[in-house]
$ cat entry-v1.txt   # compact mmCIF, C-alpha atoms and all ligand atoms
# COMPACT_ATOMS: atom_id res chain seq x y z
CA MET A 181 0.00 0.00 0.00
CA ALA A 182 1.36 3.35 -0.98
CA THR A 183 0.89 6.25 1.34
CA VAL A 184 2.45 9.63 1.93
CA GLU A 185 3.92 8.08 5.09
CA ASP A 186 6.45 6.31 2.86
CA ILE A 187 8.08 9.56 1.79
CA VAL A 188 11.38 10.42 3.43
CA LEU A 189 11.27 14.05 4.55
CA ALA A 190 14.21 16.44 4.73
CA PRO A 191 16.43 16.70 6.67
CA ASP A 192 17.48 13.07 6.39
CA ASN A 193 20.87 11.60 5.55
CA ARG A 194 19.31 9.28 3.00
CA LEU A 195 18.57 12.39 0.90
CA LYS A 196 22.27 13.36 0.99
CA THR A 197 23.70 10.03 -0.07
CA GLU A 198 25.07 8.90 -3.44
CA CYS A 199 22.90 6.00 -4.57
CA ALA A 200 24.33 2.71 -5.79
CA PRO A 201 23.89 1.63 -9.42
CA ILE A 202 21.48 -1.25 -9.98
CA GLU A 203 23.46 -4.31 -11.11
CA GLU A 204 20.54 -6.54 -11.95
CA ILE A 205 16.90 -5.68 -12.66
CA ALA A 206 15.45 -8.28 -10.33
CA ASP A 207 11.87 -8.61 -9.03
CA GLU A 208 12.67 -6.46 -6.01
CA ILE A 209 13.57 -3.57 -8.36
CA ARG A 210 10.35 -4.05 -10.34
CA ASP A 211 8.40 -4.09 -7.06
CA LEU A 212 10.20 -0.97 -5.87
CA ALA A 213 9.37 0.84 -9.14
CA ALA A 214 5.69 -0.14 -8.84
CA HIS A 215 5.62 1.02 -5.23
CA MET A 216 7.28 4.34 -6.14
CA LEU A 217 4.76 4.95 -8.94
CA GLU A 218 1.91 4.36 -6.49
CA ASP A 219 3.48 6.81 -4.06
CA MET A 220 4.04 9.36 -6.82
CA TYR A 221 0.44 9.20 -8.05
CA ALA A 222 -0.92 9.15 -4.48
CA THR A 223 0.90 12.41 -3.75
CA GLU A 224 0.32 13.92 -7.21
CA GLY A 225 4.04 14.30 -7.81
CA CYS A 226 5.58 14.34 -11.29
CA GLY A 227 8.62 12.33 -10.25
CA LEU A 228 10.08 10.33 -7.41
CA ALA A 229 13.57 9.00 -6.73
CA ALA A 230 14.32 5.84 -4.74
CA PRO A 231 16.09 7.59 -1.82
CA GLN A 232 12.80 9.45 -1.21
CA VAL A 233 11.30 6.12 -0.16
CA GLY A 234 14.48 5.16 1.71
CA GLU A 235 16.10 2.95 -0.96
CA LEU A 236 19.60 4.06 -1.90
CA VAL A 237 19.65 2.76 -5.48
CA GLN A 238 19.67 4.56 -8.84
CA LEU A 239 16.00 4.34 -9.70
CA VAL A 240 13.65 7.15 -10.73
CA VAL A 241 10.02 7.24 -11.82
CA VAL A 242 8.56 10.13 -13.81
CA ASP A 243 5.17 11.07 -15.21
CA VAL A 244 4.81 14.72 -16.04
CA ASP A 245 1.31 14.68 -17.47
CA TYR A 246 -1.54 12.63 -16.12
CA SER A 247 -4.00 15.43 -15.37
CA ASP A 248 -6.36 13.97 -17.99
CA GLY A 249 -6.31 10.63 -16.16
CA LYS A 250 -4.08 8.91 -18.72
CA ARG A 251 -0.91 7.77 -17.05
CA ASN A 252 2.34 7.69 -19.00
CA PRO A 253 4.96 6.55 -16.52
CA TYR A 254 8.66 6.23 -17.23
CA VAL A 255 10.91 4.10 -15.05
CA LEU A 256 14.61 5.02 -15.29
CA VAL A 257 17.23 2.58 -14.05
CA ASN A 258 20.74 4.04 -13.56
CA PRO A 259 19.90 7.29 -15.40
CA ARG A 260 22.72 9.50 -16.66
CA ILE A 261 22.50 13.04 -17.97
CA VAL A 262 24.55 12.90 -21.18
CA VAL A 263 23.74 16.39 -22.43
CA ALA A 264 22.69 19.43 -20.38
CA ASP A 265 22.78 22.64 -22.33
CA GLY A 266 20.60 25.37 -23.74
CA GLU A 267 19.74 28.55 -21.92
CA GLU A 268 19.50 28.39 -18.14
CA ARG A 269 15.87 28.65 -17.00
CA GLU A 270 14.57 29.43 -13.55
CA THR A 271 11.52 27.35 -12.65
CA PRO A 272 9.61 26.99 -9.37
CA GLU A 273 10.08 23.43 -8.16
CA GLY A 274 8.44 21.42 -5.43
CA CYS A 275 9.64 18.18 -3.89
CA LEU A 276 7.73 15.48 -2.04
CA SER A 277 10.56 15.44 0.52
CA PHE A 278 10.05 19.18 1.23
CA PRO A 279 6.31 19.59 1.75
CA GLY A 280 5.01 23.13 1.91
CA ILE A 281 7.71 24.95 -0.05
CA THR A 282 8.54 25.90 -3.61
CA VAL A 283 12.08 26.75 -4.65
CA LYS A 284 13.13 28.63 -7.79
CA VAL A 285 15.95 26.64 -9.34
CA SER A 286 17.98 27.61 -12.38
CA ARG A 287 18.87 24.70 -14.68
CA PRO A 288 19.86 24.11 -18.31
CA SER A 289 16.74 24.07 -20.50
CA HIS A 290 17.73 21.09 -22.66
CA VAL A 291 18.76 17.64 -21.49
CA VAL A 292 19.39 14.22 -22.91
CA VAL A 293 19.22 11.36 -20.44
CA GLU A 294 20.16 7.73 -20.95
CA ALA A 295 18.74 5.02 -18.70
CA ARG A 296 17.73 1.39 -18.73
CA ASN A 297 14.05 0.55 -18.57
CA LEU A 298 12.72 -2.37 -16.50
CA ASP A 299 13.35 -4.73 -19.44
CA GLY A 300 17.01 -3.71 -19.43
CA ASP A 301 16.81 -1.79 -22.72
CA LEU A 302 18.94 1.31 -22.99
CA MET A 303 16.58 4.26 -23.51
CA ARG A 304 17.30 7.84 -24.48
CA TYR A 305 15.07 10.70 -23.31
CA GLU A 306 15.35 14.21 -24.68
CA ALA A 307 13.48 17.18 -23.24
CA ALA A 308 13.68 20.92 -23.80
CA ASP A 309 11.92 23.90 -22.25
CA ASN A 310 9.34 21.83 -20.42
CA LEU A 311 8.46 20.18 -17.13
CA MET A 312 10.10 16.94 -18.26
CA ALA A 313 13.48 18.70 -18.64
CA VAL A 314 13.20 20.09 -15.11
CA CYS A 315 11.84 16.89 -13.60
CA LEU A 316 14.58 14.66 -15.06
CA GLN A 317 17.31 16.91 -13.64
CA HIS A 318 15.57 17.23 -10.25
CA GLU A 319 15.11 13.46 -9.85
CA ILE A 320 18.60 12.53 -11.06
CA ASP A 321 19.99 15.07 -8.57
CA HIS A 322 18.34 12.99 -5.81
CA LEU A 323 20.40 9.95 -6.86
CA ASN A 324 23.52 12.05 -6.27
CA GLY A 325 22.40 13.20 -2.83
CA ILE A 326 21.43 16.64 -4.13
CA THR A 327 18.10 18.31 -3.36
CA MET A 328 16.55 21.47 -4.81
CA VAL A 329 17.67 23.67 -1.90
CA ASP A 330 21.30 22.73 -2.62
CA HIS A 331 21.03 24.88 -5.76
CA LEU A 332 20.42 28.01 -3.70
CA ARG A 333 23.00 30.43 -2.39
CA PRO A 334 23.71 29.98 1.35
CA LEU A 335 21.51 32.81 2.62
CA GLN A 336 18.57 31.93 0.34
CA ARG A 337 18.95 28.35 1.41
CA LEU A 338 18.80 29.23 5.11
CA ARG A 339 15.64 31.28 4.48
CA LYS A 340 14.02 28.45 2.54
CA MET A 341 14.90 25.88 5.20
CA HIS A 342 13.37 28.16 7.82
CA GLU A 343 10.22 28.48 5.69
CA TYR A 344 10.19 24.71 5.30
CA GLU A 345 10.47 24.10 9.05
CA GLU A 346 7.56 26.47 9.62
CA ALA A 347 5.49 24.72 6.94
CA LEU A 348 6.20 21.31 8.48
CA ALA A 349 5.34 22.60 11.94
CA ALA A 350 2.06 23.91 10.48
CA GLY A 351 1.29 20.39 9.23
CA ALA A 352 2.37 20.43 5.56
CA ARG A 353 2.22 16.98 3.93
CA PRO A 354 4.05 15.53 0.89
CA GLY A 355 2.46 16.85 -2.30
CA GLU A 356 1.63 20.24 -0.81
CA VAL A 357 3.66 23.13 -2.15
CA GLY A 358 3.96 26.69 -0.97
CA GLU A 359 4.42 30.00 -2.75
NI NI A 401 12.44 15.93 -5.16

$ encode --input "entry-v1.txt" --output "structure tokens"
Amino acid sequence: MATVEDIVLAPDNRLKTECAPIEEIADEIRDLAAHMLEDMYATEGCGLAAPQVGELVQLVVVDVDYSDGKRNPYVLVNPRIVVADGEERETPEGCLSFPGITVKVSRPSHVVVEARNLDGDLMRYEAADNLMAVCLQHEIDHLNGITMVDHLRPLQRLRKMHEYEEALAAGARPGEVGE
């Protein structure tokens, strides 16, 4: 059963840890991917990385458009950003591990990502100037122990973390974002 209780909330060392590559796509990895997709849809997120459910392996799930009820999930095993270029764009991002806040993060607008799918096929994803481009970079950051607040300058980061602590204290839950 997927619930928001599964989501690891910041601060937590599991969100600051480099995740291990997946050597073999065994049943436990397929189960983990299914579980993460349930969690992602249950919290209305557009992506989720394994460390956010406490598993320190290189696995990401993404679905940037299911508002019409049609799900189009991608499961990325050992994803690598092979191209990140184009103009830098600042986009407000939320994160299931930081309920109650939104952070403006500047990232390259064009990315190419290579990853295995659950069948072991090498897939190539290209995205430019859209939510997918942002989401891929945000989720792959998680596998490297990097969260959205790590992109901020120290003072901004302190302010955001303070805002986050207040939001948590006020009862913010995963999937809720602030201004
Ligand atoms: Ni996140």

$ closest_residue --input "entry-v1.txt" --among "A:Ile261, A:Gly351, A:Glu203, A:Val293" --to "Pro279 (chain A)" --atoms "only C-alpha atoms"
A:Gly351

$ closest_residue --input "entry-v1.txt" --among "A:Met303, A:Met328, A:Ile281, A:Val242" --to "Gly225 (chain A)" --atoms "only C-alpha atoms"
A:Val242

$ closest_residue --input "entry-v1.txt" --among "A:Val283, A:Leu217, A:Ala206, A:Val244" --to "Arg339 (chain A)" --atoms "all atoms listed in the file"
A:Val283

$ closest_atom_pairs --input "entry-v1.txt" --of "chain A" --to "ligand NI 401 (chain A)" --cutoff "8 Å" --atoms "only C-alpha atoms and all ligand atoms" --output "tab-separated table"
residue	atom	partner	partner_atom	distance
A:Gly227	CA	A:NI401	NI	7.3
A:Leu228	CA	A:NI401	NI	6.5
A:Ala229	CA	A:NI401	NI	7.2
A:Gln232	CA	A:NI401	NI	7.6
A:Gly274	CA	A:NI401	NI	6.8
A:Cys275	CA	A:NI401	NI	3.8
A:Leu276	CA	A:NI401	NI	5.7
A:Ser277	CA	A:NI401	NI	6.0
A:Phe278	CA	A:NI401	NI	7.6
A:His318	CA	A:NI401	NI	6.1
A:Glu319	CA	A:NI401	NI	5.9
A:His322	CA	A:NI401	NI	6.6
A:Thr327	CA	A:NI401	NI	6.4
A:Met328	CA	A:NI401	NI	6.9

$ closest_residue --input "entry-v1.txt" --among "A:Leu189, A:Leu195, A:Leu256, A:Leu335" --to "Leu236 (chain A)" --atoms "all atoms listed in the file"
A:Leu195

$ atom_distance --input "entry-v1.txt" --atom1 "CA of Glu185 (chain A)" --atom2 "CA of Val285 (chain A)"
26.4 Å

$ closest_residue --input "entry-v1.txt" --among "A:Leu239, A:Leu212, A:Met341, A:Val291" --to "Leu311 (chain A)" --atoms "only C-alpha atoms"
A:Val291

$ residues_around --input "entry-v1.txt" --residues "Arg251 (chain A)" --least-positions-apart "3" --cutoff "12 Å" --atoms "only C-alpha atoms" --output "mmCIF file with C-alpha atoms, in the frame of the given file"
data_model
loop_
_atom_site.group_PDB
_atom_site.id
_atom_site.type_symbol
_atom_site.label_atom_id
_atom_site.label_comp_id
_atom_site.auth_asym_id
_atom_site.auth_seq_id
_atom_site.Cartn_x
_atom_site.Cartn_y
_atom_site.Cartn_z
ATOM 1 C CA LEU A 217 4.760 4.950 -8.940
ATOM 2 C CA GLU A 218 1.910 4.360 -6.490
ATOM 3 C CA MET A 220 4.040 9.360 -6.820
ATOM 4 C CA TYR A 221 0.440 9.200 -8.050
ATOM 5 C CA GLU A 224 0.320 13.920 -7.210
ATOM 6 C CA CYS A 226 5.580 14.340 -11.290
ATOM 7 C CA VAL A 242 8.560 10.130 -13.810
ATOM 8 C CA ASP A 243 5.170 11.070 -15.210
ATOM 9 C CA VAL A 244 4.810 14.720 -16.040
ATOM 10 C CA ASP A 245 1.310 14.680 -17.470
ATOM 11 C CA TYR A 246 -1.540 12.630 -16.120
ATOM 12 C CA SER A 247 -4.000 15.430 -15.370
ATOM 13 C CA ASP A 248 -6.360 13.970 -17.990
ATOM 14 C CA TYR A 254 8.660 6.230 -17.230
#

$ atom_distance --input "entry-v1.txt" --atom1 "CA of Glu294 (chain A)" --atom2 "CA of Gln317 (chain A)"
12.1 Å

$ atom_distance --input "entry-v1.txt" --atom1 "CA of Pro191 (chain A)" --atom2 "CA of Ile209 (chain A)"
25.4 Å

$ axis_aligned_box --input "entry-v1.txt" --around "region 267-286 of chain A" --padding-each-side "6 Å" --output "JSON"
{"center_x": 12.4, "center_y": 22.4, "center_z": -10.0, "size_x": 26.7, "size_y": 26.0, "size_z": 35.8}

$ closest_residue --input "entry-v1.txt" --among "A:Ala307, A:Val292, A:Met312, A:Gly280" --to "Pro253 (chain A)" --atoms "all atoms listed in the file"
A:Met312

$ residues_around --input "entry-v1.txt" --residues "His290 (chain A)" --least-positions-apart "5" --cutoff "9 Å" --atoms "only C-alpha atoms" --output "list in words"
Val263, Ala264, Asp265, Gly266, Glu267, Glu268, Glu306, Ala307, Ala308, Asp309, Asn310, Ala313 and Val314 of chain A

$ decode --input "entry-v1.txt" --residues "region 262-290 of chain A" --atoms "N, CA and C atoms" --output "compact mmCIF listing (two decimals), in the first residue's frame"
# COMPACT_ATOMS: atom_id res chain seq x y z
N VAL A 262 23.43 12.91 -20.22
CA VAL A 262 24.55 12.90 -21.18
C VAL A 262 24.72 14.25 -21.89
N VAL A 263 23.64 15.02 -21.91
CA VAL A 263 23.74 16.39 -22.43
C VAL A 263 22.90 17.28 -21.51
N ALA A 264 23.46 18.41 -21.11
CA ALA A 264 22.69 19.43 -20.38
C ALA A 264 23.17 20.76 -20.91
N ASP A 265 22.36 21.36 -21.76
CA ASP A 265 22.78 22.64 -22.33
C ASP A 265 21.55 23.50 -22.61
N GLY A 266 21.70 24.43 -23.51
CA GLY A 266 20.60 25.37 -23.74
C GLY A 266 20.63 26.45 -22.68
N GLU A 267 19.78 27.44 -22.87
CA GLU A 267 19.74 28.55 -21.92
C GLU A 267 19.33 28.08 -20.53
N GLU A 268 19.93 28.69 -19.50
CA GLU A 268 19.50 28.39 -18.14
C GLU A 268 18.10 28.96 -17.92
N ARG A 269 17.23 28.18 -17.29
CA ARG A 269 15.87 28.65 -17.00
C ARG A 269 15.59 28.48 -15.51
N GLU A 270 14.96 29.50 -14.95
CA GLU A 270 14.57 29.43 -13.55
C GLU A 270 13.12 28.99 -13.45
N THR A 271 12.87 27.91 -12.76
CA THR A 271 11.52 27.35 -12.65
C THR A 271 11.21 27.08 -11.18
N PRO A 272 9.98 27.37 -10.74
CA PRO A 272 9.61 26.99 -9.37
C PRO A 272 9.44 25.48 -9.27
N GLU A 273 10.14 24.88 -8.34
CA GLU A 273 10.08 23.43 -8.16
C GLU A 273 9.55 23.09 -6.77
N GLY A 274 8.83 21.98 -6.71
CA GLY A 274 8.44 21.42 -5.43
C GLY A 274 9.09 20.06 -5.31
N CYS A 275 9.04 19.49 -4.11
CA CYS A 275 9.64 18.18 -3.89
C CYS A 275 8.84 17.48 -2.80
N LEU A 276 8.53 16.22 -3.03
CA LEU A 276 7.73 15.48 -2.04
C LEU A 276 8.46 15.38 -0.70
N SER A 277 9.79 15.52 -0.72
CA SER A 277 10.56 15.44 0.52
C SER A 277 10.66 16.79 1.24
N PHE A 278 10.10 17.84 0.61
CA PHE A 278 10.05 19.18 1.23
C PHE A 278 8.64 19.73 1.16
N PRO A 279 7.68 19.10 1.85
CA PRO A 279 6.31 19.59 1.75
C PRO A 279 6.18 21.04 2.20
N GLY A 280 5.34 21.77 1.48
CA GLY A 280 5.01 23.13 1.91
C GLY A 280 5.86 24.22 1.31
N ILE A 281 6.91 23.87 0.55
CA ILE A 281 7.71 24.95 -0.05
C ILE A 281 7.91 24.74 -1.55
N THR A 282 8.16 25.88 -2.21
CA THR A 282 8.54 25.90 -3.61
C THR A 282 9.87 26.63 -3.68
N VAL A 283 10.76 26.14 -4.54
CA VAL A 283 12.08 26.75 -4.65
C VAL A 283 12.35 27.06 -6.12
N LYS A 284 12.78 28.29 -6.41
CA LYS A 284 13.13 28.63 -7.79
C LYS A 284 14.55 28.15 -8.06
N VAL A 285 14.65 27.23 -9.01
CA VAL A 285 15.95 26.64 -9.34
C VAL A 285 16.28 26.94 -10.79
N SER A 286 17.52 27.34 -11.03
CA SER A 286 17.98 27.61 -12.38
C SER A 286 18.72 26.39 -12.91
N ARG A 287 18.26 25.90 -14.08
CA ARG A 287 18.87 24.70 -14.68
C ARG A 287 18.96 24.89 -16.19
N PRO A 288 19.84 24.11 -16.84
CA PRO A 288 19.86 24.11 -18.31
C PRO A 288 18.49 23.71 -18.85
N SER A 289 18.09 24.30 -19.99
CA SER A 289 16.74 24.07 -20.50
C SER A 289 16.62 22.83 -21.38
N HIS A 290 17.75 22.26 -21.74
CA HIS A 290 17.73 21.09 -22.66
C HIS A 290 18.58 19.97 -22.06
